[in-house]
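Participant: File entry04.txt follows (compact mmCIF, C-alpha atoms (C1' of nucleotides)):
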# COMPACT_ATOMS: atom_id res chain seq x y z
CA MET R 1 64.19 -16.53 31.25
CA ILE R 2 61.85 -14.99 33.75
CA THR R 3 58.79 -17.08 34.37
CA LEU R 4 55.68 -16.16 36.27
CA LEU R 5 56.32 -19.15 38.50
CA SER R 6 59.76 -17.86 39.43
CA ILE R 7 58.24 -14.50 40.36
CA TYR R 8 55.60 -16.27 42.41
CA ASN R 9 58.28 -18.13 44.33
CA LYS R 10 60.22 -14.96 45.02
CA LEU R 11 57.09 -13.30 46.36
CA LEU R 12 56.26 -16.34 48.49
CA ASN R 13 59.77 -16.45 49.92
CA LYS R 14 59.67 -12.79 50.82
CA TYR R 15 56.13 -12.39 52.15
CA GLY R 16 55.04 -15.92 53.06
CA TYR R 17 51.58 -17.43 52.71
CA GLN R 18 48.88 -14.77 52.89
CA GLY R 19 45.95 -16.83 54.14
CA TRP R 20 43.35 -15.30 51.82
CA TRP R 21 40.36 -14.87 51.73
CA PRO R 22 40.09 -13.80 55.40
CA LEU R 23 36.91 -14.87 57.19
CA ILE R 24 35.30 -13.43 60.29
CA GLU R 25 33.34 -16.59 61.09
CA HIS R 26 36.48 -18.63 61.59
CA GLU R 27 39.26 -18.70 64.16
CA GLY R 28 42.31 -18.22 62.01
CA ASN R 29 45.61 -19.95 62.53
CA ASN R 30 47.69 -16.79 62.32
CA PRO R 31 47.46 -13.36 63.87
CA THR R 32 45.47 -10.76 62.09
CA LYS R 33 47.51 -8.75 59.64
CA THR R 34 45.54 -5.54 59.88
CA GLY R 35 42.32 -4.60 61.57
CA SER R 36 40.10 -6.98 63.47
CA ILE R 37 39.51 -10.03 61.31
CA LYS R 38 41.64 -12.98 62.41
CA GLY R 39 40.40 -15.58 59.95
CA TYR R 40 43.47 -15.72 57.76
CA HIS R 41 44.14 -19.41 57.00
CA VAL R 42 47.79 -19.72 56.11
CA ASN R 43 48.64 -22.39 53.52
CA ASP R 44 45.17 -23.89 53.94
CA TYR R 45 43.03 -23.77 50.82
CA SER R 46 40.09 -25.77 52.15
CA PHE R 47 37.87 -22.72 52.49
CA PRO R 48 35.03 -21.85 52.34
CA LYS R 49 33.87 -24.68 54.58
CA ASN R 50 30.18 -23.96 54.13
CA ASP R 51 27.62 -21.79 52.42
CA PHE R 52 27.79 -19.11 55.12
CA GLN R 53 31.49 -18.61 54.59
CA ARG R 54 30.99 -18.64 50.83
CA PHE R 55 28.42 -15.85 51.02
CA GLU R 56 30.59 -13.87 53.41
CA ILE R 57 33.47 -13.97 50.93
CA CYS R 58 31.22 -12.73 48.12
CA ILE R 59 30.01 -9.80 50.24
CA GLY R 60 33.57 -8.91 51.21
CA VAL R 61 34.65 -8.97 47.58
CA ILE R 62 31.93 -6.50 46.62
CA LEU R 63 32.55 -4.22 49.59
CA THR R 64 36.28 -3.99 48.93
CA GLN R 65 35.80 -2.44 45.47
CA ASN R 66 38.18 0.53 45.47
CA THR R 67 38.19 0.49 49.27
CA ASN R 68 40.72 -0.24 51.99
CA TRP R 69 40.23 -3.71 53.51
CA VAL R 70 40.32 -2.38 57.08
CA ASN R 71 37.23 -0.32 56.28
CA VAL R 72 35.58 -3.39 54.79
CA GLU R 73 36.23 -5.28 58.02
CA LYS R 74 34.23 -2.69 59.93
CA SER R 75 31.28 -3.20 57.61
CA LEU R 76 31.56 -6.99 57.73
CA ASN R 77 31.62 -6.91 61.53
CA ASN R 78 28.57 -4.64 61.55
CA LEU R 79 26.71 -7.03 59.26
CA TYR R 80 27.76 -10.05 61.30
CA LYS R 81 26.80 -8.57 64.69
CA ASN R 82 23.37 -7.66 63.33
CA ASP R 83 22.88 -11.06 61.71
CA PHE R 84 22.87 -9.49 58.25
CA LEU R 85 25.37 -11.80 56.57
CA SER R 86 22.71 -13.68 54.65
CA PRO R 87 21.04 -12.98 51.31
CA GLU R 88 17.59 -13.17 52.89
CA LYS R 89 18.31 -10.44 55.43
CA ILE R 90 20.03 -8.20 52.87
CA ILE R 91 17.15 -8.21 50.40
CA ASN R 92 14.67 -7.74 53.25
CA ASN R 93 16.02 -4.45 54.64
CA ILE R 94 18.20 -2.47 52.28
CA GLU R 95 18.08 0.70 54.39
CA LYS R 96 19.55 -1.15 57.34
CA VAL R 97 22.25 -2.53 55.06
CA LYS R 98 23.17 1.01 53.99
CA GLU R 99 23.62 1.96 57.62
CA LEU R 100 25.73 -1.10 58.45
CA ILE R 101 28.11 -0.80 55.49
CA LYS R 102 28.81 2.92 55.78
CA PRO R 103 32.43 2.44 56.93
CA SER R 104 33.43 0.89 53.60
CA GLY R 105 32.25 3.82 51.51
CA TYR R 106 29.94 4.20 48.49
CA PHE R 107 27.27 2.79 50.79
CA ASN R 108 24.28 3.78 48.62
CA ILE R 109 25.78 2.18 45.53
CA LYS R 110 27.15 -0.87 47.30
CA ALA R 111 23.91 -1.58 49.15
CA GLY R 112 22.30 -1.86 45.74
CA TYR R 113 25.07 -4.14 44.56
CA LEU R 114 24.62 -6.36 47.64
CA PHE R 115 20.88 -6.49 46.99
CA ASN R 116 21.39 -7.47 43.35
CA PHE R 117 23.93 -10.11 44.24
CA SER R 118 21.81 -11.53 47.06
CA LYS R 119 18.85 -11.99 44.69
CA PHE R 120 21.16 -13.67 42.22
CA TYR R 121 22.75 -15.84 44.90
CA LEU R 122 19.38 -17.14 46.05
CA SER R 123 18.40 -17.90 42.47
CA LEU R 124 21.41 -20.17 42.13
CA LYS R 125 20.09 -22.56 44.79
CA ALA R 126 23.66 -23.37 45.83
CA ARG R 127 24.96 -24.27 42.38
CA LEU R 128 28.13 -22.86 40.86
CA PRO R 129 27.48 -19.69 38.82
CA SER R 130 29.12 -19.19 35.44
CA ARG R 131 31.36 -16.19 34.85
CA ASP R 132 28.85 -14.71 32.38
CA GLU R 133 26.04 -15.11 34.90
CA LEU R 134 28.05 -13.23 37.50
CA LEU R 135 28.89 -10.49 35.01
CA SER R 136 25.20 -10.03 34.25
CA VAL R 137 24.59 -8.79 37.81
CA LYS R 138 24.80 -4.99 38.09
CA GLY R 139 27.69 -4.28 40.40
CA ILE R 140 29.69 -7.36 39.43
CA GLY R 141 32.48 -6.44 37.03
CA LYS R 142 35.34 -8.59 35.79
CA GLU R 143 37.56 -8.41 38.85
CA THR R 144 34.69 -8.95 41.26
CA ALA R 145 33.34 -11.89 39.25
CA ASP R 146 36.76 -13.51 39.06
CA SER R 147 37.47 -12.92 42.76
CA ILE R 148 34.19 -14.60 43.63
CA LEU R 149 34.97 -17.56 41.38
CA LEU R 150 38.53 -17.89 42.69
CA TYR R 151 38.01 -17.38 46.43
CA ALA R 152 34.37 -18.29 47.06
CA TYR R 153 34.19 -21.21 44.60
CA ASN R 154 37.84 -22.28 44.25
CA GLN R 155 37.75 -22.04 40.46
CA PRO R 156 41.13 -21.60 38.68
CA ILE R 157 40.41 -18.09 37.38
CA PHE R 158 43.22 -15.55 37.66
CA VAL R 159 42.18 -12.22 39.17
CA VAL R 160 43.57 -9.13 37.46
CA ASP R 161 43.51 -5.98 39.54
CA VAL R 162 45.11 -2.54 39.24
CA TYR R 163 48.19 -3.84 41.08
CA THR R 164 48.64 -6.73 38.65
CA LYS R 165 48.61 -4.29 35.75
CA ARG R 166 50.93 -1.88 37.53
CA ILE R 167 53.56 -4.41 38.59
CA PHE R 168 53.78 -6.54 35.46
CA ASN R 169 53.66 -3.62 33.04
CA ASN R 170 56.36 -1.93 35.08
CA LEU R 171 58.52 -5.05 34.88
CA ARG R 172 57.91 -5.15 31.10
CA ILE R 173 56.57 -8.68 31.45
CA ILE R 174 53.35 -7.52 29.89
CA ASN R 175 52.48 -4.50 27.81
CA SER R 176 48.74 -4.26 28.07
CA ILE R 177 45.91 -2.72 30.03
CA ASN R 178 43.33 -5.11 28.60
CA TYR R 179 41.80 -7.23 31.34
CA GLU R 180 41.04 -10.36 29.34
CA GLU R 181 44.40 -10.28 27.59
CA ILE R 182 46.26 -10.16 30.91
CA ARG R 183 44.07 -12.83 32.49
CA ALA R 184 44.66 -15.14 29.53
CA PHE R 185 48.41 -14.59 29.79
CA PHE R 186 48.54 -15.64 33.45
CA GLU R 187 46.17 -18.55 33.01
CA ASN R 188 48.12 -19.87 30.03
CA GLU R 189 51.55 -19.49 31.62
CA LEU R 190 50.69 -21.02 34.99
CA PRO R 191 49.46 -24.44 36.11
CA LYS R 192 45.69 -24.18 36.44
CA ASP R 193 45.67 -24.63 40.19
CA TYR R 194 43.21 -22.52 42.17
CA ARG R 195 45.50 -22.66 45.21
CA LEU R 196 48.35 -21.13 43.22
CA PHE R 197 46.04 -18.48 41.77
CA GLN R 198 44.67 -17.57 45.21
CA GLU R 199 48.12 -17.21 46.71
CA PHE R 200 49.63 -15.41 43.73
CA HIS R 201 46.95 -12.72 43.64
CA ALA R 202 47.24 -12.15 47.39
CA LEU R 203 51.03 -11.88 47.09
CA ILE R 204 50.72 -9.38 44.23
CA VAL R 205 48.57 -7.18 46.45
CA GLU R 206 51.03 -7.47 49.32
CA HIS R 207 54.00 -6.63 47.11
CA ALA R 208 52.19 -3.69 45.58
CA LYS R 209 51.33 -2.29 49.00
CA ASN R 210 55.03 -2.40 49.82
CA HIS R 211 56.56 -1.12 46.57
CA TYR R 212 53.91 0.08 44.10
CA ILE R 213 52.03 2.85 45.88
CA LYS R 214 54.40 5.74 45.46
CA LYS R 215 56.19 6.57 42.22
CA PRO R 216 58.61 5.63 40.90
CA TYR R 217 56.96 2.22 41.00
CA GLY R 218 59.04 -0.78 41.88
CA LEU R 219 62.36 1.01 42.09
CA ASN R 220 65.03 -1.69 42.52
CA ASP R 221 62.35 -4.33 42.18
CA PHE R 222 63.76 -7.63 43.47
CA LEU R 223 61.45 -9.70 41.30
CA VAL R 224 63.58 -9.51 38.15
C1' DT Z 1 45.05 19.09 53.99
C1' DT Z 2 45.79 15.90 50.49
C1' DC Z 3 46.09 11.34 48.89
C1' DC Z 4 44.86 6.67 48.61
C1' DA Z 5 42.19 2.32 48.93
C1' DG Z 6 42.14 -5.57 46.78
C1' DG Z 7 36.09 -1.21 41.03
C1' DC Z 8 31.81 -0.41 38.70
C1' DA Z 9 28.53 1.79 35.59
C1' DA Z 10 27.43 5.48 32.67
C1' DT Z 11 29.00 8.42 29.29
C1' DA Z 12 31.85 10.43 25.67
C1' DC Z 13 35.13 10.09 22.29
C1' DG P 1 38.65 -0.20 22.88
C1' DT P 2 40.12 3.65 25.85
C1' DA P 3 39.43 7.83 28.90
C1' DT P 4 36.71 10.34 32.28
C1' DT P 5 33.59 10.95 36.14
C1' DG P 6 30.64 10.08 40.38
C1' DC P 7 30.32 7.23 44.10
C1' DA P 8 32.14 7.94 50.24
C1' DT P 9 34.41 6.51 54.42
C1' DG P 10 38.56 6.47 57.17
C1' DG P 11 43.51 6.06 57.82
C1' DA P 12 48.30 7.67 56.73
Would you mind giving the structure from this file in structure tokens?
Facilitator:
Amino acid sequence: MITLLSIYNKLLNKYGYQGWWPLIEHEGNNPTKTGSIKGYHVNDYSFPKNDFQRFEICIGVILTQNTNWVNVEKSLNNLYKNDFLSPEKIINNIEKVKELIKPSGYFNIKAGYLFNFSKFYLSLKARLPSRDELLSVKGIGKETADSILLYAYNQPIFVVDVYTKRIFNNLRIINSINYEEIRAFFENELPKDYRLFQEFHALIVEHAKNHYIKKPYGLNDFLV
DNA sequence: TTCCAGGCAATAC
DNA sequence: GTATTGCATGGA
């Protein structure tokens, strides 16, 4: 009997704690994996520590839509150096935002997304948003909403990305491309622990980068 | 040069 | 519900 928990443990044994979500406003306790951001916090789930870190995570989640994380780091550093990692600054000068986030691609579209989210974020007045509220913001789809809830608000919501679908369909553990169906499967099979969900999703991404980029996917996959 | 990257919205069936 | 397309930079 293959359980999701057994797969999680195999991934953890092989790749170790991933330290997600990386933060630039924090001296991490492990070396940077790629790029310039060193704020990976290995086996420490006490982040975000404050509202600044929470907002930074949300911005990073939006910028990394269909984009390499190293490119997102460049944009985050640009925003940080120019003191643009706040909703007030973002809604105040959208043209400057476009310039600063160019490295992470789709900069015209994403600047609009950051504007929409910043307006929404301010309207919350620091309270926890619901999933439906997040999904009502143009630019926030299912994966982005769930990533924000899981990593910025520590809510036990399982994030389903293209890698999750690729790996678990390939292993014949699921047979579905439906987002909500897959999310429900993981959330029902696993203990509802946000720390487990954060680590599991990060490990899925790491495993996919190693074995699920080039076809045939997962040849000799050690997970099963 | 080509391919890919921690998606989303709009559109067409 | 599912499939297709535009959005863009930068690294392998």
Participant: Quick one: of R:Thr164, R:Leu76, R:Glu88, R:Glu206, who's nearest to Asn178 in chain R, counting only C-alpha atoms?
Facilitator: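 Closest to Asn178 in chain R of all the choices is R:Thr164.
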Participant: Write out, as JSON lines, each residue of chain P that has an atom at most 7 Å from range 98-109 of chain R, together with the closest pair of atoms and their distance in Å to one decimal, counting all atoms listed in the file, rows going by chain and rising number.
Facilitator:
{"residue": "P:DC7", "atom": "C1'", "partner": "R:Tyr106", "partner_atom": "CA", "distance": 5.3}
{"residue": "P:DA8", "atom": "C1'", "partner": "R:Gly105", "partner_atom": "CA", "distance": 4.3}
{"residue": "P:DT9", "atom": "C1'", "partner": "R:Gly105", "partner_atom": "CA", "distance": 4.5}
Participant: What are the residues of chain R lining chain Z at 12 Å or less? Count all atoms listed in the file, and put the answer as a VMD selection string.
Facilitator: chain R and resid 20 to 21 60 to 72 104 to 106 109 to 110 112 to 113 135 137 to 145 147 159 to 164 201 to 209 213 to 214
Participant: Using C-alpha atoms, can you export the residues from the last selection as a compact mmCIF listing (two decimals), in the frame of the given file?
Facilitator:
# COMPACT_ATOMS: atom_id res chain seq x y z
CA TRP R 20 43.35 -15.30 51.82
CA TRP R 21 40.36 -14.87 51.73
CA GLY R 60 33.57 -8.91 51.21
CA VAL R 61 34.65 -8.97 47.58
CA ILE R 62 31.93 -6.50 46.62
CA LEU R 63 32.55 -4.22 49.59
CA THR R 64 36.28 -3.99 48.93
CA GLN R 65 35.80 -2.44 45.47
CA ASN R 66 38.18 0.53 45.47
CA THR R 67 38.19 0.49 49.27
CA ASN R 68 40.72 -0.24 51.99
CA TRP R 69 40.23 -3.71 53.51
CA VAL R 70 40.32 -2.38 57.08
CA ASN R 71 37.23 -0.32 56.28
CA VAL R 72 35.58 -3.39 54.79
CA SER R 104 33.43 0.89 53.60
CA GLY R 105 32.25 3.82 51.51
CA TYR R 106 29.94 4.20 48.49
CA ILE R 109 25.78 2.18 45.53
CA LYS R 110 27.15 -0.87 47.30
CA GLY R 112 22.30 -1.86 45.74
CA TYR R 113 25.07 -4.14 44.56
CA LEU R 135 28.89 -10.49 35.01
CA VAL R 137 24.59 -8.79 37.81
CA LYS R 138 24.80 -4.99 38.09
CA GLY R 139 27.69 -4.28 40.40
CA ILE R 140 29.69 -7.36 39.43
CA GLY R 141 32.48 -6.44 37.03
CA LYS R 142 35.34 -8.59 35.79
CA GLU R 143 37.56 -8.41 38.85
CA THR R 144 34.69 -8.95 41.26
CA ALA R 145 33.34 -11.89 39.25
CA SER R 147 37.47 -12.92 42.76
CA VAL R 159 42.18 -12.22 39.17
CA VAL R 160 43.57 -9.13 37.46
CA ASP R 161 43.51 -5.98 39.54
CA VAL R 162 45.11 -2.54 39.24
CA TYR R 163 48.19 -3.84 41.08
CA THR R 164 48.64 -6.73 38.65
CA HIS R 201 46.95 -12.72 43.64
CA ALA R 202 47.24 -12.15 47.39
CA LEU R 203 51.03 -11.88 47.09
CA ILE R 204 50.72 -9.38 44.23
CA VAL R 205 48.57 -7.18 46.45
CA GLU R 206 51.03 -7.47 49.32
CA HIS R 207 54.00 -6.63 47.11
CA ALA R 208 52.19 -3.69 45.58
CA LYS R 209 51.33 -2.29 49.00
CA ILE R 213 52.03 2.85 45.88
CA LYS R 214 54.40 5.74 45.46
Participant: In Å, rounded to a single decimal, give me how far CA of Arg54 in chain R is from CA of Ala152 in chain R.
Facilitator: 5.1 Å
Participant: For a quick check of understanding, using all atoms listed in the file, which of R:Phe52, R:Phe168, R:Tyr17, R:Tyr151 has the smallest distance to Lys33 in chain R?
Facilitator: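 Ranked by minimum distance to Lys33 in chain R, first place goes to R:Tyr17.
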Participant: Find, counting all atoms listed in the file, the residue in R:Lys215, R:Lys74, R:Asp132, R:Asn29 that gets nearest to chain P.
Facilitator: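 For chain P, the nearest of the given residues is R:Lys74.
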Participant: Quick one, how far is CA of Thr32 in chain R from CA of Leu149 in chain R?
Facilitator: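 The value is 24.2 Å.
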Participant: Provide the CA of Lys38 in chain R to CA of Ile24 in chain R distance in Å, to one decimal place.
Facilitator: 6.7 Å
Participant: From the set R:Glu181, R:Glu73, R:Glu199, R:Glu25, which residue has the shortest atom-to-atom contact distance to Pro48 in chain R, counting only C-alpha atoms?
Facilitator: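 So, comparing all the options, the nearest one is R:Glu25.
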Participant: What's around Ser130 in chain R at 12 Å? Count only C-alpha atoms (C1' of nucleotides), leave out sequence neighbours fewer than 3 positions away in its own chain, and write the answer as a PyMOL selection string.
Facilitator: chain R and resi 120-121+124+127+133-137+145-146+148-150+153+155+157
Participant: Fix up range 106-130 of chain R with N, CA, C and O atoms, then write it as a CSV table (one decimal), in the frame of the given file.
Facilitator:
chain,number,residue,atom,x,y,z
R,106,TYR,N,30.9,4.4,49.6
R,106,TYR,CA,29.9,4.2,48.5
R,106,TYR,C,28.7,3.4,49.0
R,106,TYR,O,28.3,2.5,48.3
R,107,PHE,N,28.2,3.7,50.2
R,107,PHE,CA,27.3,2.8,50.8
R,107,PHE,C,25.9,2.7,50.0
R,107,PHE,O,25.3,1.7,50.0
R,108,ASN,N,25.5,3.8,49.4
R,108,ASN,CA,24.3,3.8,48.6
R,108,ASN,C,24.4,2.8,47.4
R,108,ASN,O,23.6,2.0,47.2
R,109,ILE,N,25.5,3.0,46.7
R,109,ILE,CA,25.8,2.2,45.5
R,109,ILE,C,26.0,0.7,45.9
R,109,ILE,O,25.4,-0.2,45.3
R,110,LYS,N,26.8,0.5,46.9
R,110,LYS,CA,27.2,-0.9,47.3
R,110,LYS,C,26.0,-1.6,47.9
R,110,LYS,O,25.9,-2.8,47.8
R,111,ALA,N,25.1,-0.9,48.6
R,111,ALA,CA,23.9,-1.6,49.2
R,111,ALA,C,23.1,-2.1,48.0
R,111,ALA,O,22.5,-3.2,48.1
R,112,GLY,N,23.0,-1.4,46.9
R,112,GLY,CA,22.3,-1.9,45.7
R,112,GLY,C,23.0,-3.1,45.1
R,112,GLY,O,22.3,-4.0,44.7
R,113,TYR,N,24.3,-3.0,45.1
R,113,TYR,CA,25.1,-4.1,44.6
R,113,TYR,C,24.8,-5.4,45.4
R,113,TYR,O,24.7,-6.5,44.9
R,114,LEU,N,24.8,-5.2,46.7
R,114,LEU,CA,24.6,-6.4,47.6
R,114,LEU,C,23.2,-6.9,47.5
R,114,LEU,O,23.0,-8.1,47.5
R,115,PHE,N,22.3,-6.0,47.2
R,115,PHE,CA,20.9,-6.5,47.0
R,115,PHE,C,20.8,-7.3,45.7
R,115,PHE,O,20.3,-8.4,45.7
R,116,ASN,N,21.4,-6.8,44.6
R,116,ASN,CA,21.4,-7.5,43.4
R,116,ASN,C,22.1,-8.8,43.5
R,116,ASN,O,21.6,-9.8,42.9
R,117,PHE,N,23.2,-8.9,44.1
R,117,PHE,CA,23.9,-10.1,44.2
R,117,PHE,C,23.2,-11.1,45.1
R,117,PHE,O,23.2,-12.3,44.8
R,118,SER,N,22.6,-10.6,46.2
R,118,SER,CA,21.8,-11.5,47.1
R,118,SER,C,20.7,-12.2,46.3
R,118,SER,O,20.4,-13.4,46.5
R,119,LYS,N,19.9,-11.4,45.5
R,119,LYS,CA,18.8,-12.0,44.7
R,119,LYS,C,19.4,-13.1,43.8
R,119,LYS,O,18.8,-14.2,43.6
R,120,PHE,N,20.5,-12.7,43.1
R,120,PHE,CA,21.2,-13.7,42.2
R,120,PHE,C,21.6,-14.9,43.0
R,120,PHE,O,21.4,-16.0,42.5
R,121,TYR,N,22.2,-14.7,44.1
R,121,TYR,CA,22.8,-15.8,44.9
R,121,TYR,C,21.6,-16.8,45.3
R,121,TYR,O,21.8,-18.0,45.2
R,122,LEU,N,20.5,-16.3,45.7
R,122,LEU,CA,19.4,-17.1,46.0
R,122,LEU,C,18.9,-17.9,44.8
R,122,LEU,O,18.5,-19.1,44.9
R,123,SER,N,18.9,-17.2,43.7
R,123,SER,CA,18.4,-17.9,42.5
R,123,SER,C,19.3,-19.1,42.0
R,123,SER,O,18.8,-20.0,41.3
R,124,LEU,N,20.5,-19.1,42.5
R,124,LEU,CA,21.4,-20.2,42.1
R,124,LEU,C,21.0,-21.5,42.8
R,124,LEU,O,21.3,-22.6,42.3
R,125,LYS,N,20.4,-21.4,44.0
R,125,LYS,CA,20.1,-22.6,44.8
R,125,LYS,C,21.3,-23.4,45.0
R,125,LYS,O,21.3,-24.6,44.8
R,126,ALA,N,22.4,-22.7,45.4
R,126,ALA,CA,23.7,-23.4,45.8
R,126,ALA,C,24.5,-24.0,44.7
R,126,ALA,O,25.5,-24.6,45.0
R,127,ARG,N,24.1,-23.8,43.4
R,127,ARG,CA,25.0,-24.3,42.4
R,127,ARG,C,26.0,-23.3,42.0
R,127,ARG,O,25.9,-22.1,42.4
R,128,LEU,N,27.0,-23.7,41.3
R,128,LEU,CA,28.1,-22.9,40.9
R,128,LEU,C,27.7,-21.9,39.7
R,128,LEU,O,27.1,-22.4,38.7
R,129,PRO,N,27.9,-20.6,39.9
R,129,PRO,CA,27.5,-19.7,38.8
R,129,PRO,C,28.6,-19.7,37.7
R,129,PRO,O,29.7,-19.9,38.0
R,130,SER,N,28.1,-19.4,36.5
R,130,SER,CA,29.1,-19.2,35.4
R,130,SER,C,29.6,-17.8,35.5
R,130,SER,O,29.0,-16.9,36.2
